[in-house]
file query_38.txt (compact mmCIF, C-alpha atoms)
# COMPACT_ATOMS: atom_id res chain seq x y z
CA MET L 1 150.41 81.22 46.11
CA LEU L 2 151.51 83.34 49.05
CA THR L 3 148.19 82.67 50.78
CA GLN L 4 148.61 78.90 50.39
CA GLN L 5 152.14 79.09 51.79
CA THR L 6 150.84 81.05 54.78
CA LEU L 7 148.17 78.44 55.43
CA GLU L 8 150.69 75.61 55.20
CA LYS L 9 152.99 77.36 57.67
CA LEU L 10 150.11 77.85 60.10
CA TYR L 11 149.27 74.15 59.93
CA ASP L 12 152.96 73.23 60.34
CA MET L 13 153.05 75.37 63.49
CA LYS L 14 149.94 73.49 64.73
CA LEU L 15 147.80 76.62 64.46
CA ALA L 16 144.97 74.81 62.68
CA ALA L 17 142.19 76.92 64.17
CA MET L 18 143.91 80.11 63.06
CA ALA L 19 144.46 78.66 59.58
CA GLU L 20 140.78 77.72 59.26
CA ALA L 21 139.71 81.16 60.48
CA PHE L 22 142.05 82.78 57.94
CA SER L 23 140.56 80.64 55.16
CA ARG L 24 137.06 81.76 56.16
CA GLN L 25 138.14 85.40 56.17
CA LEU L 26 139.23 85.01 52.56
CA THR L 27 135.68 84.00 51.61
CA GLN L 28 133.94 86.79 53.56
CA PRO L 29 133.94 90.09 51.61
CA ASP L 30 132.78 92.12 54.62
CA VAL L 31 135.95 91.23 56.53
CA GLY L 32 137.98 93.19 53.97
CA GLY L 33 136.63 96.39 55.45
CA LEU L 34 138.21 95.69 58.81
CA SER L 35 141.62 96.94 59.83
CA PHE L 36 144.61 94.59 59.89
CA GLU L 37 144.62 94.73 63.69
CA ASP L 38 140.96 93.69 63.90
CA ARG L 39 141.38 90.84 61.41
CA PHE L 40 144.50 89.59 63.18
CA ALA L 41 142.74 89.81 66.54
CA MET L 42 139.92 87.63 65.17
CA LEU L 43 142.45 84.99 64.12
CA VAL L 44 144.18 85.03 67.50
CA ASP L 45 140.83 84.83 69.32
CA ARG L 46 139.83 81.78 67.29
CA GLN L 47 143.09 79.98 68.06
CA TRP L 48 142.83 80.93 71.73
CA ALA L 49 139.24 79.65 71.98
CA PHE L 50 140.27 76.40 70.27
CA LYS L 51 143.13 75.81 72.71
CA GLU L 52 140.96 76.64 75.73
CA ASP L 53 138.25 74.23 74.56
CA ARG L 54 140.82 71.46 74.14
CA ARG L 55 142.34 72.24 77.52
CA MET L 56 138.93 72.02 79.18
CA ASP L 57 138.21 68.74 77.42
CA ARG L 58 141.50 67.35 78.73
CA LEU L 59 140.76 68.50 82.27
CA LEU L 60 137.26 67.01 82.19
CA LYS L 61 138.57 63.72 80.84
CA ALA L 62 141.33 63.56 83.45
CA ALA L 63 138.89 64.41 86.27
CA ARG L 64 136.78 61.30 85.61
CA LEU L 65 133.80 62.86 87.34
CA ARG L 66 131.11 60.39 88.33
CA ASP L 67 128.33 62.51 86.82
CA SER L 68 128.18 64.92 83.88
CA ALA L 69 126.99 67.53 86.33
CA CYS L 70 126.92 71.31 86.29
CA ILE L 71 125.60 73.90 88.72
CA GLU L 72 122.98 75.06 86.21
CA ASN L 73 121.28 71.63 86.28
CA ILE L 74 121.13 71.18 90.05
CA ASP L 75 117.60 70.69 91.36
CA PHE L 76 116.93 73.43 93.92
CA LYS L 77 113.16 72.81 94.03
CA THR L 78 113.17 69.45 95.79
CA PRO L 79 113.42 70.07 99.56
CA ARG L 80 116.79 68.86 100.85
CA SER L 81 118.17 71.88 102.77
CA LEU L 82 120.35 72.93 99.82
CA ASP L 83 121.32 76.61 100.02
CA LYS L 84 121.62 78.00 96.49
CA SER L 85 123.73 80.95 97.65
CA VAL L 86 126.40 78.57 98.97
CA LEU L 87 126.56 76.72 95.65
CA VAL L 88 126.78 80.00 93.75
CA ARG L 89 129.77 81.06 95.89
CA LEU L 90 131.46 77.74 95.22
CA THR L 91 131.21 78.21 91.45
CA GLY L 92 133.92 80.85 91.77
CA SER L 93 137.60 80.20 92.33
CA ASP L 94 138.24 82.18 95.52
CA TRP L 95 137.80 79.21 97.85
CA ILE L 96 140.19 77.13 95.74
CA LYS L 97 142.74 79.93 95.62
CA LYS L 98 142.52 80.03 99.41
CA THR L 99 142.97 76.21 99.52
CA GLN L 100 139.71 75.74 101.39
CA ASN L 101 137.69 72.52 101.38
CA VAL L 102 134.07 71.46 100.97
CA ILE L 103 132.30 68.83 103.07
CA ILE L 104 128.97 67.51 101.77
CA ILE L 105 127.02 65.42 104.28
CA GLY L 106 123.73 63.64 103.74
CA PRO L 107 121.91 60.32 103.45
CA THR L 108 122.39 58.01 100.50
CA GLY L 109 120.90 59.13 97.21
CA VAL L 110 120.36 62.74 98.25
CA GLY L 111 122.72 64.05 95.56
CA LYS L 112 126.07 64.46 97.28
CA THR L 113 128.14 63.07 94.40
CA TYR L 114 126.24 65.07 91.79
CA ILE L 115 126.75 68.32 93.70
CA ALA L 116 130.44 67.57 94.23
CA SER L 117 130.83 66.85 90.52
CA ALA L 118 129.01 70.07 89.63
CA ILE L 119 131.35 72.09 91.84
CA ALA L 120 134.34 70.35 90.24
CA ASN L 121 132.92 71.08 86.80
CA SER L 122 132.83 74.78 87.67
CA ALA L 123 136.41 74.58 88.94
CA ILE L 124 137.51 73.07 85.64
CA ARG L 125 135.72 75.82 83.73
CA ASN L 126 137.72 78.25 85.83
CA GLY L 127 140.92 76.55 84.71
CA HIS L 128 141.64 74.25 87.68
CA SER L 129 142.48 70.56 87.49
CA ALA L 130 140.21 68.15 89.34
CA MET L 131 139.95 64.44 90.08
CA TYR L 132 137.19 62.20 91.41
CA LYS L 133 137.96 59.21 93.64
CA ARG L 134 135.75 56.99 95.75
CA ALA L 135 137.45 56.59 99.12
CA PRO L 136 137.84 52.78 98.86
CA ARG L 137 139.40 53.13 95.41
CA LEU L 138 141.76 55.86 96.64
CA TYR L 139 143.03 53.64 99.46
CA GLN L 140 143.44 50.71 97.06
CA GLU L 141 145.47 52.76 94.58
CA VAL L 142 147.81 54.04 97.28
CA ALA L 143 148.28 50.53 98.68
CA ILE L 144 149.13 49.17 95.21
CA ALA L 145 151.54 52.06 94.61
CA ARG L 146 153.35 51.27 97.85
CA ALA L 147 153.74 47.67 96.76
CA ASP L 148 154.92 48.24 93.18
CA GLY L 149 157.24 51.20 93.86
CA SER L 150 155.12 53.86 92.17
CA TYR L 151 154.13 55.51 95.46
CA PRO L 152 156.22 58.71 95.03
CA LYS L 153 154.84 59.20 91.51
CA LEU L 154 151.23 58.69 92.64
CA MET L 155 151.58 61.03 95.61
CA ASN L 156 153.14 63.67 93.38
CA LYS L 157 150.18 63.28 91.03
CA PHE L 158 147.66 63.76 93.86
CA SER L 159 149.51 66.80 95.20
CA LYS L 160 149.30 68.54 91.83
CA ILE L 161 145.53 68.09 91.46
CA LYS L 162 144.00 71.40 92.43
CA LEU L 163 140.68 69.89 93.51
CA LEU L 164 140.36 66.30 94.73
CA ILE L 165 136.94 64.75 95.36
CA ILE L 166 136.92 61.93 97.91
CA ASP L 167 133.48 60.34 97.62
CA ASP L 168 131.86 57.96 100.14
CA PHE L 169 134.24 58.94 102.93
CA CYS L 170 133.78 56.80 106.08
CA ILE L 171 131.54 54.40 104.17
CA ALA L 172 133.21 51.64 106.21
CA PRO L 173 135.56 51.52 109.21
CA MET L 174 139.11 52.34 108.13
CA SER L 175 142.10 50.07 108.54
CA ASP L 176 145.35 51.38 109.98
CA SER L 177 147.00 51.50 106.54
CA GLU L 178 144.03 53.40 105.09
CA ARG L 179 144.18 55.97 107.88
CA ARG L 180 147.87 56.53 107.35
CA ASP L 181 147.62 56.64 103.55
CA LEU L 182 144.80 59.19 103.67
CA LEU L 183 146.78 61.36 106.05
CA GLU L 184 149.76 61.24 103.68
CA VAL L 185 147.58 62.31 100.74
CA LEU L 186 146.10 65.20 102.73
CA GLU L 187 149.47 66.22 104.15
CA ASP L 188 151.01 66.51 100.68
CA ARG L 189 148.07 68.67 99.57
CA GLN L 190 148.00 70.84 102.68
CA SER L 191 147.99 74.58 101.92
CA ILE L 192 148.37 74.05 98.16
CA SER L 193 145.16 72.30 97.05
CA SER L 194 141.49 71.86 97.92
CA THR L 195 139.45 68.76 98.72
CA ILE L 196 135.75 67.91 98.52
CA ILE L 197 134.53 65.22 100.91
CA THR L 198 131.15 63.53 100.49
CA THR L 199 129.91 61.34 103.31
CA GLN L 200 126.86 59.99 105.09
CA VAL L 201 128.58 60.39 108.45
CA PRO L 202 128.34 63.64 110.45
CA VAL L 203 131.72 65.20 111.24
CA LYS L 204 131.21 64.60 114.97
CA ASN L 205 131.28 60.84 114.28
CA TRP L 206 134.34 60.81 112.04
CA ILE L 207 136.79 59.96 114.83
CA GLU L 208 134.81 56.82 115.62
CA HIS L 209 134.79 55.72 111.97
CA ILE L 210 138.43 56.60 111.31
CA GLY L 211 139.44 54.62 114.36
CA ASP L 212 142.75 55.88 115.74
CA PRO L 213 142.05 59.12 117.70
CA THR L 214 145.49 60.59 117.02
CA LEU L 215 145.39 60.00 113.26
CA ALA L 216 141.72 60.98 113.14
CA ASP L 217 142.50 64.29 114.81
CA ALA L 218 145.25 64.96 112.26
CA ILE L 219 142.92 64.11 109.36
CA LEU L 220 140.14 66.32 110.70
CA ASP L 221 142.58 69.16 111.24
CA ARG L 222 143.46 69.10 107.52
CA LEU L 223 139.88 68.83 106.31
CA VAL L 224 137.37 70.43 108.62
CA HIS L 225 138.57 73.75 110.01
CA ASN L 226 138.73 75.60 106.69
CA ALA L 227 135.80 73.82 105.02
CA HIS L 228 132.50 75.00 103.57
CA LYS L 229 129.86 72.60 104.88
CA ILE L 230 126.76 71.48 103.00
CA ASN L 231 124.33 69.42 105.09
CA LEU L 232 121.69 67.73 102.95
CA LYS L 233 118.49 66.14 104.16
CA GLY L 234 115.52 64.41 102.58
CA ASP L 235 114.67 61.37 100.52
CA SER L 236 116.76 59.80 97.80
CA MET L 237 116.70 61.86 94.61
CA ARG L 238 116.68 58.61 92.65
CA LYS L 239 113.50 57.57 94.42
CA ILE L 240 111.89 60.98 93.91
CA HIS L 241 112.77 61.13 90.21
CA SER L 242 111.62 57.54 89.75
CA SER L 243 108.26 58.41 91.32
CA LEU L 244 107.95 61.48 89.12
CA THR L 245 108.71 59.40 86.03
CA LYS L 246 106.05 56.85 86.93
CA SER L 247 103.58 59.67 87.67
CA ASN L 248 104.23 61.34 84.35
CA LYS L 249 103.74 58.05 82.49
CA SER L 250 100.45 57.40 84.26
CA GLU L 251 99.19 60.89 83.41
CA LYS L 252 99.83 60.20 79.73

call {"tool": "encode", "arguments": {"input": "query_38.txt", "output": "structure tokens"}}
result
Amino acid sequence: MLTQQTLEKLYDMKLAAMAEAFSRQLTQPDVGGLSFEDRFAMLVDRQWAFKEDRRMDRLLKAARLRDSACIENIDFKTPRSLDKSVLVRLTGSDWIKKTQNVIIIGPTGVGKTYIASAIANSAIRNGHSAMYKRAPRLYQEVAIARADGSYPKLMNKFSKIKLLIIDDFCIAPMSDSERRDLLEVLEDRQSISSTIITTQVPVKNWIEHIGDPTLADAILDRLVHNAHKINLKGDSMRKIHSSLTKSNKSEK
């Protein structure tokens, strides 16, 4: 009776994982030989692991990463000037704690988005919030927020994201409102958060694509000077993998 009451109280306190672990302990004779401290520690560990798993699931869902990518699945064999040691360093949290950025440059299809998502996945596993946005979509959301009065709320949301991915940066010439909105986003995140930029355009050509030299200089100042740079080369990974698939089918 006392055991059932204990279980009910655990469920009422929303400690379901601990309650289930306690129920399992009652059916495992070997556990009876452990000390109270060890048995209690096992219950606490189970509840902690459950909460951490749920927290990670929430962070991954909120991030809306383009790919279900992780560092372990990155293809380092295909030649594309990808330095594995750089990726390994970025799986840690030091660069995020130092509010540094990452700039990934390369031709279309070379894997920029996948690598950015894999880095973000590692950040989430280290307990940081992340969010993926294509640059055109980011500008659109800010413009809509300005129009409907939700701008302060949206900017506050962006400032709290520890790692923001801006994909397809400089994919098209920027309008004046887009330049100013991007600068506002970066300014609010300055010195408190990190940003990953993926782009086909070399940094030296950003001013031309951004348009206004003054605003471009301000944007570069907030992105480039404290950034880890990954310069990718080679053919499209989609094309390579498609060729490999066809080759494997023909060999069968």

call {"tool": "atom_distance", "arguments": {"input": "query_38.txt", "atom1": "atom CA of L:Asp176", "atom2": "atom CA of L:Ile207"}}
result
13.1 Å

call {"tool": "residues_near_point", "arguments": {"input": "query_38.txt", "point": "(121.6, 73.2, 104.6)", "cutoff": "6 Å", "atoms": "only C-alpha atoms", "output": "PyMOL selection string"}}
result
chain L and resi 81-83+230-232

call {"tool": "closest_residue", "arguments": {"input": "query_38.txt", "among": "L:Gly149, L:Ser129, L:Pro136, L:Leu87", "to": "L:Arg55", "atoms": "all atoms listed in the file"}}
result
L:Ser129

call {"tool": "closest_residue", "arguments": {"input": "query_38.txt", "among": "L:Ser68, L:Gln100, L:Thr214, L:Gln25", "to": "L:Leu183", "atoms": "all atoms listed in the file"}}
result
L:Thr214

call {"tool": "residues_around", "arguments": {"input": "query_38.txt", "residues": "L:Met131", "least_positions_apart": "5", "cutoff": "9 Å", "atoms": "all atoms listed in the file", "output": "ChimeraX atom specification"}}
result
/L:59-60,62-65,120,158,161-166

call {"tool": "atom_distance", "arguments": {"input": "query_38.txt", "atom1": "atom CA of L:Glu141", "atom2": "atom CA of L:Thr91"}}
result
29.3 Å

call {"tool": "atom_distance", "arguments": {"input": "query_38.txt", "atom1": "atom CA of L:Ser93", "atom2": "atom CA of L:Gly127"}}
result
9.1 Å

call {"tool": "residues_around", "arguments": {"input": "query_38.txt", "residues": "L:Thr6", "least_positions_apart": "3", "cutoff": "12 Å", "atoms": "all atoms listed in the file", "output": "list of chain:residue names"}}
result
L:Met1, L:Leu2, L:Thr3, L:Lys9, L:Leu10, L:Tyr11, L:Asp12, L:Met13, L:Leu15, L:Ala16, L:Met18, L:Ala19, L:Glu20, L:Phe22, L:Ser23

call {"tool": "write_last_selection", "arguments": {"input": "query_38.txt", "atoms": "C-alpha atoms", "output": "mmCIF file, keeping the file's coordinate frame"}}
result
data_model
loop_
_atom_site.group_PDB
_atom_site.id
_atom_site.type_symbol
_atom_site.label_atom_id
_atom_site.label_comp_id
_atom_site.auth_asym_id
_atom_site.auth_seq_id
_atom_site.Cartn_x
_atom_site.Cartn_y
_atom_site.Cartn_z
ATOM 1 C CA MET L 1 150.410 81.220 46.110
ATOM 2 C CA LEU L 2 151.510 83.340 49.050
ATOM 3 C CA THR L 3 148.190 82.670 50.780
ATOM 4 C CA LYS L 9 152.990 77.360 57.670
ATOM 5 C CA LEU L 10 150.110 77.850 60.100
ATOM 6 C CA TYR L 11 149.270 74.150 59.930
ATOM 7 C CA ASP L 12 152.960 73.230 60.340
ATOM 8 C CA MET L 13 153.050 75.370 63.490
ATOM 9 C CA LEU L 15 147.800 76.620 64.460
ATOM 10 C CA ALA L 16 144.970 74.810 62.680
ATOM 11 C CA MET L 18 143.910 80.110 63.060
ATOM 12 C CA ALA L 19 144.460 78.660 59.580
ATOM 13 C CA GLU L 20 140.780 77.720 59.260
ATOM 14 C CA PHE L 22 142.050 82.780 57.940
ATOM 15 C CA SER L 23 140.560 80.640 55.160
#

call {"tool": "axis_aligned_box", "arguments": {"input": "query_38.txt", "around": "stretch 125-136 of chain L", "padding_each_side": "4 Å", "output": "AutoDock Vina command-line options"}}
result
--center_x 139.1 --center_y 65.5 --center_z 91.4 --size_x 14.8 --size_y 33.5 --size_z 23.4

call {"tool": "decode", "arguments": {"input": "query_38.txt", "residues": "stretch 163-175 of chain L", "atoms": "C-alpha atoms", "output": "PDB file, in the first residue's frame"}}
result
ATOM      1  CA  LEU L 163      23.285  29.528 -32.492  1.00  0.00           C
ATOM      2  CA  LEU L 164      21.564  30.935 -35.578  1.00  0.00           C
ATOM      3  CA  ILE L 165      22.165  29.414 -39.019  1.00  0.00           C
ATOM      4  CA  ILE L 166      21.641  31.806 -41.927  1.00  0.00           C
ATOM      5  CA  ASP L 167      21.685  29.630 -45.040  1.00  0.00           C
ATOM      6  CA  ASP L 168      22.095  30.826 -48.646  1.00  0.00           C
ATOM      7  CA  PHE L 169      23.479  34.205 -47.605  1.00  0.00           C
ATOM      8  CA  CYS L 170      23.966  36.580 -50.572  1.00  0.00           C
ATOM      9  CA  ILE L 171      22.020  34.224 -52.821  1.00  0.00           C
ATOM     10  CA  ALA L 172      20.578  37.378 -54.430  1.00  0.00           C
ATOM     11  CA  PRO L 173      21.321  41.116 -54.220  1.00  0.00           C
ATOM     12  CA  MET L 174      19.892  42.563 -51.007  1.00  0.00           C
ATOM     13  CA  SER L 175      17.339  45.334 -50.807  1.00  0.00           C
TER      14      SER L 175
END
